[in-house]
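As stored in run-v9.cif (mmCIF, C-alpha atoms):
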data_target
loop_
_atom_site.label_atom_id
_atom_site.label_comp_id
_atom_site.auth_asym_id
_atom_site.auth_seq_id
_atom_site.Cartn_x
_atom_site.Cartn_y
_atom_site.Cartn_z
CA MET A 17 14.17 -15.46 -16.31
CA LEU A 18 13.45 -13.44 -13.18
CA ASN A 19 16.20 -11.49 -11.51
CA ASP A 20 17.07 -12.35 -7.93
CA GLN A 21 14.99 -9.62 -6.31
CA TYR A 22 11.79 -10.50 -8.14
CA LYS A 23 12.32 -14.22 -7.60
CA TRP A 24 12.84 -13.62 -3.89
CA LEU A 25 9.51 -11.78 -3.68
CA LEU A 26 7.67 -14.46 -5.64
CA ASP A 27 9.18 -17.19 -3.46
CA SER A 28 8.05 -15.47 -0.27
CA ASP A 29 5.13 -16.73 1.81
CA GLU A 30 3.35 -13.38 1.45
CA PRO A 31 0.55 -13.56 -1.15
CA TRP A 32 -0.07 -9.79 -0.76
CA THR A 33 3.52 -9.19 -1.86
CA LYS A 34 3.22 -11.60 -4.79
CA TYR A 35 -0.06 -10.04 -5.88
CA ARG A 36 1.20 -6.45 -5.80
CA LEU A 37 4.45 -7.50 -7.49
CA MET A 38 2.52 -8.95 -10.42
CA ILE A 39 0.23 -5.93 -10.69
CA ASP A 40 2.61 -3.06 -9.96
CA LEU A 41 6.04 -4.27 -11.09
CA LEU A 42 5.35 -6.88 -13.76
CA ASP A 43 2.29 -5.03 -15.14
CA MET A 44 0.28 -8.22 -15.39
CA PRO A 45 -3.48 -7.81 -15.98
CA PRO A 46 -5.82 -8.48 -13.04
CA ASP A 47 -7.50 -11.32 -14.91
CA HIS A 48 -4.27 -13.22 -15.54
CA PRO A 49 -4.61 -16.69 -13.95
CA ARG A 50 -1.49 -16.25 -11.80
CA VAL A 51 -2.67 -12.85 -10.60
CA GLU A 52 -6.12 -14.22 -9.76
CA THR A 53 -4.53 -17.09 -7.85
CA ALA A 54 -2.28 -14.77 -5.85
CA ARG A 55 -5.19 -12.49 -5.07
CA SER A 56 -7.39 -15.36 -3.90
CA GLU A 57 -4.59 -16.62 -1.68
CA MET A 58 -4.13 -13.14 -0.26
CA VAL A 59 -7.78 -12.63 0.65
CA ALA A 60 -8.00 -16.10 2.19
CA HIS A 61 -4.75 -15.83 4.15
CA PRO A 62 -5.27 -16.08 7.94
CA LYS A 63 -3.37 -12.84 8.57
CA VAL A 64 -5.51 -10.93 6.08
CA GLN A 65 -8.67 -12.50 7.43
CA GLU A 66 -7.64 -11.36 10.89
CA LEU A 67 -7.17 -7.80 9.58
CA ILE A 68 -10.61 -7.92 7.96
CA GLU A 69 -12.15 -9.13 11.21
CA LYS A 70 -10.49 -6.41 13.26
CA ALA A 71 -11.40 -3.74 10.72
CA ALA A 72 -15.03 -4.86 10.81
CA ALA A 73 -15.11 -4.00 14.51
CA TRP A 74 -15.09 -0.31 13.50
CA PRO A 75 -14.79 2.05 15.28
CA GLY A 76 -13.30 -0.31 17.86
CA TYR A 77 -12.45 2.40 20.36
CA PRO A 78 -11.97 6.18 20.24
CA ILE A 79 -8.83 7.58 18.68
CA LYS A 80 -6.79 9.40 21.30
CA ARG A 81 -3.55 9.67 19.32
CA HIS A 82 -3.16 9.38 15.58
CA ASN A 83 -0.05 7.21 15.62
CA ASP A 84 -1.89 4.37 17.35
CA ALA A 85 -0.94 1.63 14.90
CA LYS A 86 -3.34 -0.92 16.33
CA HIS A 87 -6.44 1.18 15.67
CA PRO A 88 -8.86 -0.30 13.09
CA ILE A 89 -8.36 2.72 10.81
CA TYR A 90 -4.89 1.38 9.96
CA ARG A 91 -6.21 -2.16 9.48
CA PHE A 92 -8.44 -0.70 6.78
CA SER A 93 -5.67 1.31 5.10
CA THR A 94 -3.28 -1.65 5.15
CA LEU A 95 -5.89 -3.89 3.55
CA ALA A 96 -6.29 -1.19 0.89
CA ASP A 97 -2.51 -1.11 0.38
CA PHE A 98 -2.57 -4.87 -0.22
CA GLY A 99 -5.34 -4.58 -2.81
CA VAL A 100 -8.34 -5.89 -0.89
CA GLN A 101 -11.61 -4.57 -2.38
CA TYR A 102 -14.83 -3.41 -0.76
CA ASN A 103 -16.77 -6.47 -1.96
CA ASP A 104 -14.26 -9.12 -0.93
CA PRO A 105 -15.50 -11.71 1.59
CA GLY A 106 -15.86 -10.15 5.02
CA MET A 107 -15.42 -6.56 3.82
CA PRO A 108 -18.96 -5.20 3.21
CA GLU A 109 -19.81 -5.07 6.92
CA GLY A 110 -16.69 -3.09 7.73
CA ILE A 111 -17.12 -0.76 4.75
CA ASN A 112 -20.72 -0.03 5.72
CA SER A 113 -19.57 0.83 9.24
CA LEU A 114 -16.75 3.01 7.90
CA MET A 115 -19.23 5.00 5.81
CA GLY A 116 -21.83 5.11 8.56
CA HIS A 117 -20.84 8.53 9.89
CA GLN A 118 -20.37 11.43 7.48
CA SER A 119 -20.36 15.09 8.42
CA PRO A 120 -22.69 17.58 6.72
CA GLU A 121 -19.67 19.15 5.03
CA GLY A 122 -18.64 15.80 3.53
CA ALA A 123 -15.81 14.36 5.64
CA PHE A 124 -16.18 10.83 6.96
CA GLN A 125 -16.05 10.79 10.73
CA THR A 126 -14.21 8.78 13.35
CA MET A 127 -14.91 8.38 17.04
CA ILE A 128 -12.23 10.43 18.73
CA ASN A 129 -11.45 11.76 22.18
CA ILE A 130 -9.61 15.09 22.17
CA PRO A 131 -8.14 16.36 25.46
CA LYS A 132 -9.25 19.78 26.70
CA VAL A 133 -5.65 20.98 26.48
CA PHE A 134 -5.97 20.77 22.68
CA GLY A 135 -9.38 22.39 22.58
CA GLY A 136 -11.38 19.17 22.94
CA THR A 137 -13.89 17.96 25.49
CA ASN A 138 -12.22 14.85 26.94
CA GLU A 139 -15.31 12.97 25.74
CA ASP A 140 -15.86 10.41 22.97
CA GLN A 141 -17.52 11.94 19.92
CA TRP A 142 -18.09 11.30 16.23
CA THR A 143 -16.32 14.04 14.32
CA TRP A 144 -13.37 14.53 11.98
CA VAL A 145 -9.90 16.03 11.91
CA LEU A 146 -7.52 16.19 8.97
CA CYS A 147 -5.29 13.51 10.45
CA ASP A 148 -7.96 10.83 10.19
CA THR A 149 -10.62 11.53 7.56
CA PRO A 150 -8.23 11.31 4.55
CA THR A 151 -7.23 7.80 5.62
CA ILE A 152 -10.87 6.72 5.47
CA LEU A 153 -11.21 8.37 2.07
CA TYR A 154 -8.06 6.66 0.76
CA THR A 155 -9.39 3.30 1.92
CA LEU A 156 -12.72 3.77 0.17
CA LEU A 157 -11.14 5.02 -3.06
CA ALA A 158 -8.47 2.31 -3.18
CA MET A 159 -11.07 -0.36 -2.46
CA GLY A 160 -13.17 0.65 -5.47
CA MET A 161 -15.78 3.00 -3.99
CA GLY A 162 -14.89 6.04 -6.08
CA GLU A 163 -18.26 6.27 -7.83
CA ASN A 164 -20.23 6.31 -4.61
CA PRO A 165 -21.92 9.74 -4.20
CA ASN A 166 -20.92 10.02 -0.55
CA VAL A 167 -17.30 9.28 -1.43
CA LYS A 168 -17.41 11.92 -4.17
CA LYS A 169 -18.73 14.40 -1.63
CA ALA A 170 -15.79 13.60 0.65
CA VAL A 171 -13.36 14.16 -2.22
CA THR A 172 -14.85 17.58 -2.95
CA HIS A 173 -14.58 18.47 0.72
CA LEU A 174 -10.93 17.41 0.97
CA THR A 175 -9.83 19.25 -2.17
CA GLY A 176 -11.42 22.43 -0.82
CA LEU A 177 -9.46 22.44 2.43
CA VAL A 178 -6.00 23.15 1.01
CA ASN A 179 -4.16 26.44 1.54
CA GLU A 180 -1.35 28.03 -0.42
CA ASN A 181 1.20 26.34 1.87
CA GLY A 182 -0.54 22.96 1.78
CA TYR A 183 -2.92 21.38 4.25
CA ARG A 184 -3.04 22.93 7.68
CA CYS A 185 -4.42 21.50 10.92
CA ARG A 186 -8.17 21.49 10.22
CA ALA A 187 -11.11 19.97 12.01
CA ALA A 188 -14.89 19.86 12.03
CA PRO A 189 -16.76 23.07 12.92
CA ASP A 190 -18.23 21.37 15.97
CA LEU A 191 -14.73 21.15 17.48
CA GLY A 192 -14.54 24.91 17.76
CA LYS A 193 -11.03 26.12 18.54
CA PHE A 194 -9.36 22.71 18.30
CA LYS A 195 -5.82 22.88 16.90
CA GLY A 196 -2.81 20.63 17.16
CA PRO A 197 0.41 21.74 18.91
CA GLY A 198 1.66 24.17 16.26
CA LYS A 199 1.19 27.61 14.74
CA LEU A 200 -2.22 28.33 13.26
CA GLY A 201 -0.90 29.25 9.82
CA ASP A 202 1.64 26.43 9.50
CA PRO A 203 1.04 23.34 7.37
CA CYS A 204 0.76 19.99 9.13
CA PRO A 205 3.15 17.47 7.52
CA ILE A 206 1.16 14.34 8.35
CA ALA A 207 -2.09 15.92 7.14
CA ASN A 208 -0.41 16.60 3.80
CA VAL A 209 0.77 12.99 3.57
CA TYR A 210 -2.67 11.60 4.38
CA ALA A 211 -4.43 14.00 2.00
CA LEU A 212 -2.05 13.22 -0.87
CA LYS A 213 -2.48 9.50 -0.34
CA ALA A 214 -6.23 9.86 -0.80
CA LEU A 215 -5.83 12.23 -3.76
CA SER A 216 -3.38 9.83 -5.43
CA GLN A 217 -6.35 7.61 -6.16
CA ILE A 218 -7.91 10.28 -8.42
CA PRO A 219 -5.61 10.63 -11.48
CA GLU A 220 -7.60 13.46 -13.06
CA ILE A 221 -6.68 15.90 -10.28
CA GLU A 222 -2.95 15.14 -10.10
CA ASN A 223 -2.07 18.63 -11.40
CA SER A 224 -4.61 20.54 -9.32
CA PRO A 225 -3.61 23.16 -6.70
CA CYS A 226 -4.60 20.88 -3.83
CA VAL A 227 -2.06 18.30 -4.99
CA LYS A 228 0.68 20.71 -6.04
CA ASN A 229 0.54 22.74 -2.83
CA ALA A 230 0.69 19.63 -0.67
CA VAL A 231 3.58 18.14 -2.66
CA GLN A 232 5.56 21.37 -2.43
CA MET A 233 4.97 21.48 1.30
CA LEU A 234 6.55 18.04 1.79
CA LEU A 235 9.48 18.70 -0.56
CA SER A 236 10.17 22.05 1.11
CA HIS A 237 10.17 20.39 4.50
CA TRP A 238 12.81 17.93 3.30
CA GLU A 239 14.86 20.85 1.96
CA LYS A 240 14.75 22.50 5.40
CA ARG A 241 15.31 19.27 7.32
CA GLY A 242 17.11 19.71 10.59
CA GLU A 243 16.02 23.33 10.91
CA LYS A 244 12.23 23.40 10.64
CA LYS A 245 9.47 21.63 12.53
CA PHE A 246 5.77 21.91 11.92
CA PHE A 247 3.34 20.67 14.60
CA LEU A 248 6.22 18.77 16.26
CA PHE A 249 7.06 16.98 12.97
CA GLY A 250 10.73 17.20 12.13
CA ILE A 251 13.01 15.38 9.71
CA GLY A 252 15.81 13.71 11.57
CA THR A 253 17.06 10.24 12.41
CA ASP A 254 13.65 8.79 13.24
CA PHE A 255 12.12 10.12 10.04
CA GLN A 256 14.64 8.19 7.96
CA LYS A 257 13.93 4.82 9.61
CA ILE A 258 12.06 2.31 7.43
CA LYS A 259 8.70 1.53 8.95
CA TYR A 260 5.32 0.08 7.99
CA PRO A 261 2.27 0.17 8.15
CA PHE A 262 1.86 3.66 6.76
CA VAL A 263 0.77 5.29 9.98
CA TRP A 264 2.99 8.28 10.61
CA TYR A 265 5.49 10.74 9.13
CA ASP A 266 8.52 8.80 7.89
CA ILE A 267 10.63 8.46 4.77
CA LEU A 268 8.98 5.41 3.20
CA HIS A 269 5.48 6.79 3.74
CA VAL A 270 6.36 10.20 2.30
CA LEU A 271 8.22 8.79 -0.72
CA ASP A 272 5.49 6.28 -1.50
CA VAL A 273 2.90 9.07 -1.54
CA LEU A 274 5.02 11.51 -3.54
CA SER A 275 5.94 8.86 -6.11
CA TRP A 276 2.34 8.85 -7.37
CA PHE A 277 2.82 12.31 -8.90
CA PRO A 278 5.04 12.71 -12.00
CA PHE A 279 5.96 16.34 -11.31
CA ALA A 280 7.09 15.39 -7.79
CA ILE A 281 9.50 12.68 -8.92
CA GLU A 282 11.21 15.14 -11.26
CA ASP A 283 12.21 17.32 -8.32
CA HIS A 284 15.81 17.05 -7.06
CA ARG A 285 14.56 17.06 -3.46
CA PHE A 286 12.58 13.91 -4.10
CA HIS A 287 15.69 12.18 -5.44
CA GLU A 288 17.73 13.31 -2.45
CA MET A 289 15.15 11.71 -0.19
CA LEU A 290 15.04 8.58 -2.33
CA THR A 291 18.82 8.23 -2.17
CA ALA A 292 18.61 8.34 1.63
CA LEU A 293 16.16 5.44 1.45
CA LEU A 294 18.08 3.38 -1.11
CA ASP A 295 21.26 3.69 0.94
CA GLN A 296 19.59 1.44 3.52
CA ALA A 297 19.56 -1.64 1.27
CA ASP A 298 21.63 -4.65 2.23
CA GLU A 299 24.19 -6.21 -0.11
CA TRP A 300 21.42 -8.08 -1.98
CA GLY A 301 19.29 -4.98 -2.44
CA ARG A 302 16.76 -5.99 0.21
CA TYR A 303 15.26 -3.86 2.96
CA THR A 304 14.72 -4.51 6.65
CA ALA A 305 12.60 -2.55 9.09
CA SER A 306 14.70 -0.17 11.16
CA SER A 307 11.69 0.66 13.33
CA MET A 308 8.47 -1.21 14.01
CA TYR A 309 5.01 -1.05 15.54
CA ARG A 310 4.60 -3.68 18.22
CA ALA A 311 0.94 -4.07 17.32
CA TRP A 312 2.11 -5.69 14.07
CA VAL A 313 4.59 -8.22 15.48
CA GLY A 314 4.50 -11.37 13.36
CA TRP A 315 4.54 -9.56 10.03
CA SER A 316 7.80 -9.38 8.07
CA PHE A 317 7.69 -5.58 8.00
CA ALA A 318 7.72 -5.54 11.81
CA ASP A 319 10.89 -7.63 12.07
CA LYS A 320 14.11 -5.67 12.52
CA LYS A 321 16.32 -8.75 12.12
CA LYS A 322 15.41 -10.06 8.66
CA PRO A 323 14.75 -8.46 5.26
CA SER A 324 11.07 -7.98 4.55
CA PRO A 325 9.61 -8.94 1.16
CA TRP A 326 6.80 -6.39 1.58
CA LEU A 327 9.10 -3.52 2.59
CA SER A 328 11.44 -4.39 -0.27
CA PHE A 329 8.55 -4.45 -2.71
CA LEU A 330 7.46 -0.97 -1.58
CA VAL A 331 10.93 0.41 -2.23
CA TYR A 332 11.18 -1.35 -5.60
CA ARG A 333 7.81 0.11 -6.60
CA ILE A 334 9.00 3.62 -5.82
CA GLN A 335 12.06 2.95 -7.98
CA LYS A 336 9.90 1.73 -10.82
CA ARG A 337 7.69 4.80 -10.65
CA THR A 338 10.74 7.03 -10.77
CA ASN A 339 12.63 5.05 -13.43
CA ARG A 340 15.50 4.62 -10.98
CA GLN A 341 15.79 0.92 -11.54
CA GLU A 342 19.43 0.23 -10.87
CA LEU A 343 18.40 -3.09 -9.34
CA PHE A 344 16.09 -4.00 -12.21
CA ARG A 345 17.92 -3.65 -15.49
CA HIS A 346 16.09 -6.66 -16.91
CA ILE A 347 12.52 -5.60 -16.35
CA GLN A 348 11.45 -6.66 -19.84
CA THR A 349 12.86 -10.10 -19.13
CA ASN A 350 10.96 -10.15 -15.86
CA LYS A 351 7.74 -9.56 -17.75
CA SER A 352 8.22 -12.91 -19.47
CA PHE A 353 6.92 -14.39 -16.22
CA ALA A 354 3.46 -13.21 -17.29
CA THR A 355 3.44 -15.27 -20.48
#

Using structure tokens, write down the structure from this file.
Amino acid sequence: MLNDQYKWLLDSDEPWTKYRLMIDLLDMPPDHPRVETARSEMVAHPKVQELIEKAAAWPGYPIKRHNDAKHPIYRFSTLADFGVQYNDPGMPEGINSLMGHQSPEGAFQTMINIPKVFGGTNEDQWTWVLCDTPTILYTLLAMGMGENPNVKKAVTHLTGLVNENGYRCRAAPDLGKFKGPGKLGDPCPIANVYALKALSQIPEIENSPCVKNAVQMLLSHWEKRGEKKFFLFGIGTDFQKIKYPFVWYDILHVLDVLSWFPFAIEDHRFHEMLTALLDQADEWGRYTASSMYRAWVGWSFADKKKPSPWLSFLVYRIQKRTNRQELFRHIQTNKSFAT
């Protein structure tokens, strides 16, 4: 018998939520008939097909700001979050376009337009900065492209960029003196989040310096919340608002990324952050967006008036990874659904 939270997710009209619930919370195998059905429904769903179509228009238009939630780069990463694969119907064209521009050093490129005030040219150009290339790499890894030689080259490049205090603001050599609005030696919080999300897809490097340094950067920032900003990123009221897609620097995004790494979830700072998230549940243990991207209106996670199955699932998955399952004391019973 399913508990109320699981049943609510399974009764939702979101096949992406049902699919990830079965895979990530109920530990059902991908070839289970119910999992295969949910996955087929997800890929065929009109909303997902629309995302695939918009992603295939890559690059769409130049990136001018990296919190532009409507840009195709975040259509790709959201599809990857849902579990869409590179060879699903409609995806190969977009994946080929995404991999069509790779720098000599290994980073996948985006078309961006950097203002002169930040060391750019005010012109559209194919290049990379550390607040976009890891998102492409995450997408390719999560969608099953990890054995591709060009993807492996991008992984090697990313792991080599880390410093002792995490990932700093870095960009392609052709951008010269480009740097975001912060101190040269400071870490960039969002770059660390993006990098860790990509690296989370490579289990064999979870204890490497590139991962550990980035994790410590994010945990230290939480510890110094209210007193320290890096590259204009602070931890205040806005940071603690629940928001999706995973575009920018906020509590759900950071916790979801950190929860991939066992040594991170053992840290008291992680649990302090998680408590701040869990305190936002309603009386039924469900979660509602407290902030939203207007480009995603029509999705449950962009509705500030009603609980979102997808947002709730994301929080439940973090709890499962951390063994803080106050809401799910009958998880073994839940698994009977798979029989």

*Would you list the contacts of region 235-252 of chain A as a PyMOL selection string, taking every protein, DNA or RNA residue within 7 Å and counting all atoms listed in the file, but skipping same-chain residues closer than 5 positions in sequence?*
chain A and resi 196-198+202-205+285-286

*Spatial neighbours of region 114-123 of chain A, max dist 9 Å, all atoms listed in the file, sep filter under 6 positions, as number ranges by chain*: A: 72, 74-75, 89, 142-145, 149-150, 152-153, 156, 166-174, 188

_I'd like to know which of A:Met161, A:Leu146, A:Leu37, A:Val231 is closest to Ile218 (chain A), using all atoms listed in the file._
A:Met161

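Counting from CA of Pro45 (chain A), the distance to CA of Trp32 (chain A) is 15.7 Å.
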
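Taking CA of Ser306 (chain A) and CA of Val331 (chain A) as endpoints, the distance between them is 13.9 Å.
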
*Would you write out, as a VMD selection string, every residue that the PyMOL selection byres ((chain A and resi 297) around 12) captures in this file?*
chain A and resid 21 257 to 258 290 to 296 298 to 306 322 to 324 327 to 328 331 to 332 343

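In terms of minimum interatomic distance to Pro108 (chain A), A:Met159 ranks closest within A:Glu66, A:His82, A:Met159, A:Met58, counting all atoms listed in the file.
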
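Residues matched by the PyMOL selection byres ((chain A and resi 70) around 9) in this file: Gln65, Glu66, Leu67, Ile68, Glu69, Ala71, Ala72, Ala73, Trp74, Gly76, His87, Pro88, Arg91, Phe92 and Gly110 of chain A.
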
Would you save the residues of that selection, restricted to C-alpha atoms, as a PDB file, in the coordinates of the input?
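Produced file selection26.pdb, reproduced below:
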ATOM      1  CA  GLN A  65      -8.670 -12.500   7.430  1.00  0.00           C
ATOM      2  CA  GLU A  66      -7.640 -11.360  10.890  1.00  0.00           C
ATOM      3  CA  LEU A  67      -7.170  -7.800   9.580  1.00  0.00           C
ATOM      4  CA  ILE A  68     -10.610  -7.920   7.960  1.00  0.00           C
ATOM      5  CA  GLU A  69     -12.150  -9.130  11.210  1.00  0.00           C
ATOM      6  CA  ALA A  71     -11.400  -3.740  10.720  1.00  0.00           C
ATOM      7  CA  ALA A  72     -15.030  -4.860  10.810  1.00  0.00           C
ATOM      8  CA  ALA A  73     -15.110  -4.000  14.510  1.00  0.00           C
ATOM      9  CA  TRP A  74     -15.090  -0.310  13.500  1.00  0.00           C
ATOM     10  CA  GLY A  76     -13.300  -0.310  17.860  1.00  0.00           C
ATOM     11  CA  HIS A  87      -6.440   1.180  15.670  1.00  0.00           C
ATOM     12  CA  PRO A  88      -8.860  -0.300  13.090  1.00  0.00           C
ATOM     13  CA  ARG A  91      -6.210  -2.160   9.480  1.00  0.00           C
ATOM     14  CA  PHE A  92      -8.440  -0.700   6.780  1.00  0.00           C
ATOM     15  CA  GLY A 110     -16.690  -3.090   7.730  1.00  0.00           C
TER      16      GLY A 110
END

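Reported to one decimal place, the separation of CA of Asp104 (chain A) from CA of Thr151 (chain A) is 19.5 Å.
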
*asked:* Show me, as number ranges by chain, the residues that have an atom within 6 Å of Val273 (chain A) when counting all atoms listed in the file, minus same-chain residues fewer than 3 positions from it.
replied: A: 213, 270, 276

*Near Val59 (chain A), counting all atoms listed in the file, which residues have an atom at most 12 Å away, once you skip same-chain residues fewer than 5 positions from it, shown as number ranges by chain?*
A: 30-32, 35, 52-54, 64-69, 95-96, 98-107

*Which neighbours of Thr175 (chain A) fall inside 10 Å, counting all atoms listed in the file, when residues of the same chain fewer than 5 positions from it are skipped, and could you give them as a PyMOL selection string?*
chain A and resi 170+183+211-212+215+221+224-227

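Taking only C-alpha atoms into account, the polymer residues that have an atom no farther than 12 Å from (-11.2, 25.5, 17.5) are A:Ile130, A:Lys132, A:Val133, A:Phe134, A:Gly135, A:Gly136, A:Thr137, A:Val145, A:Cys185, A:Arg186, A:Ala187, A:Ala188, A:Pro189, A:Asp190, A:Leu191, A:Gly192, A:Lys193, A:Phe194, A:Lys195, A:Gly196, A:Leu200.
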
Coords for region 61-89 of chain A, N, CA and C atoms, as a JSON list (two decimals), in the first residue's frame:
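And here's out18.json as it stands now:
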[["chain", "number", "residue", "atom", "x", "y", "z"],
["A", 61, "HIS", "N", 4.45, 13.02, -24.31],
["A", 61, "HIS", "CA", 3.59, 14.07, -23.78],
["A", 61, "HIS", "C", 3.79, 15.38, -24.56],
["A", 62, "PRO", "N", 2.70, 16.09, -24.86],
["A", 62, "PRO", "CA", 2.81, 17.33, -25.64],
["A", 62, "PRO", "C", 3.78, 18.35, -25.05],
["A", 63, "LYS", "N", 3.81, 18.47, -23.73],
["A", 63, "LYS", "CA", 4.73, 19.43, -23.10],
["A", 63, "LYS", "C", 6.19, 19.03, -23.32],
["A", 64, "VAL", "N", 6.46, 17.75, -23.22],
["A", 64, "VAL", "CA", 7.83, 17.28, -23.43],
["A", 64, "VAL", "C", 8.20, 17.39, -24.90],
["A", 65, "GLN", "N", 7.26, 17.08, -25.78],
["A", 65, "GLN", "CA", 7.53, 17.24, -27.20],
["A", 65, "GLN", "C", 7.81, 18.70, -27.56],
["A", 66, "GLU", "N", 7.12, 19.60, -26.89],
["A", 66, "GLU", "CA", 7.38, 21.03, -27.12],
["A", 66, "GLU", "C", 8.78, 21.40, -26.67],
["A", 67, "LEU", "N", 9.21, 20.85, -25.51],
["A", 67, "LEU", "CA", 10.57, 21.11, -25.04],
["A", 67, "LEU", "C", 11.60, 20.58, -26.04],
["A", 68, "ILE", "N", 11.36, 19.37, -26.54],
["A", 68, "ILE", "CA", 12.28, 18.77, -27.51],
["A", 68, "ILE", "C", 12.37, 19.63, -28.76],
["A", 69, "GLU", "N", 11.23, 20.13, -29.21],
["A", 69, "GLU", "CA", 11.21, 20.97, -30.40],
["A", 69, "GLU", "C", 11.97, 22.27, -30.19],
["A", 70, "LYS", "N", 11.78, 22.88, -29.03],
["A", 70, "LYS", "CA", 12.46, 24.14, -28.74],
["A", 70, "LYS", "C", 13.96, 23.92, -28.52],
["A", 71, "ALA", "N", 14.31, 22.79, -27.93],
["A", 71, "ALA", "CA", 15.73, 22.48, -27.73],
["A", 71, "ALA", "C", 16.42, 22.26, -29.06],
["A", 72, "ALA", "N", 15.71, 21.63, -30.00],
["A", 72, "ALA", "CA", 16.28, 21.33, -31.31],
["A", 72, "ALA", "C", 16.59, 22.58, -32.11],
["A", 73, "ALA", "N", 16.05, 23.72, -31.68],
["A", 73, "ALA", "CA", 16.31, 24.98, -32.37],
["A", 73, "ALA", "C", 17.65, 25.58, -31.95],
["A", 74, "TRP", "N", 18.45, 24.81, -31.23],
["A", 74, "TRP", "CA", 19.76, 25.27, -30.74],
["A", 74, "TRP", "C", 20.59, 25.91, -31.86],
["A", 75, "PRO", "N", 21.24, 27.08, -31.60],
["A", 75, "PRO", "CA", 21.34, 27.75, -30.30],
["A", 75, "PRO", "C", 20.16, 28.67, -30.00],
["A", 76, "GLY", "N", 19.25, 28.83, -30.95],
["A", 76, "GLY", "CA", 18.10, 29.68, -30.71],
["A", 76, "GLY", "C", 18.43, 31.15, -30.85],
["A", 77, "TYR", "N", 19.16, 31.67, -29.88],
["A", 77, "TYR", "CA", 19.60, 33.06, -29.91],
["A", 77, "TYR", "C", 20.77, 33.18, -28.93],
["A", 78, "PRO", "N", 21.56, 34.20, -29.02],
["A", 78, "PRO", "CA", 22.75, 34.32, -28.16],
["A", 78, "PRO", "C", 22.37, 34.49, -26.68],
["A", 79, "ILE", "N", 23.13, 33.88, -25.83],
["A", 79, "ILE", "CA", 22.95, 34.09, -24.39],
["A", 79, "ILE", "C", 23.52, 35.46, -24.02],
["A", 80, "LYS", "N", 22.69, 36.26, -23.39],
["A", 80, "LYS", "CA", 23.14, 37.57, -22.90],
["A", 80, "LYS", "C", 23.16, 37.62, -21.38],
["A", 81, "ARG", "N", 22.37, 36.76, -20.76],
["A", 81, "ARG", "CA", 22.39, 36.62, -19.30],
["A", 81, "ARG", "C", 22.12, 35.15, -18.98],
["A", 82, "HIS", "N", 22.80, 34.64, -17.98],
["A", 82, "HIS", "CA", 22.74, 33.20, -17.75],
["A", 82, "HIS", "C", 21.59, 32.76, -16.85],
["A", 83, "ASN", "N", 20.72, 33.67, -16.49],
["A", 83, "ASN", "CA", 19.49, 33.26, -15.80],
["A", 83, "ASN", "C", 18.27, 33.45, -16.70],
["A", 84, "ASP", "N", 18.50, 33.38, -17.99],
["A", 84, "ASP", "CA", 17.42, 33.47, -18.98],
["A", 84, "ASP", "C", 16.77, 32.10, -19.11],
["A", 85, "ALA", "N", 15.71, 31.88, -18.35],
["A", 85, "ALA", "CA", 15.11, 30.55, -18.23],
["A", 85, "ALA", "C", 14.48, 30.04, -19.51],
["A", 86, "LYS", "N", 14.24, 30.90, -20.47],
["A", 86, "LYS", "CA", 13.60, 30.45, -21.70],
["A", 86, "LYS", "C", 14.62, 30.00, -22.75],
["A", 87, "HIS", "N", 15.89, 30.17, -22.47],
["A", 87, "HIS", "CA", 16.91, 29.80, -23.45],
["A", 87, "HIS", "C", 16.93, 28.28, -23.67],
["A", 88, "PRO", "N", 17.18, 27.82, -24.90],
["A", 88, "PRO", "CA", 17.19, 26.38, -25.16],
["A", 88, "PRO", "C", 18.13, 25.57, -24.29],
["A", 89, "ILE", "N", 19.18, 26.18, -23.74],
["A", 89, "ILE", "CA", 20.10, 25.41, -22.89],
["A", 89, "ILE", "C", 19.37, 24.82, -21.69]]
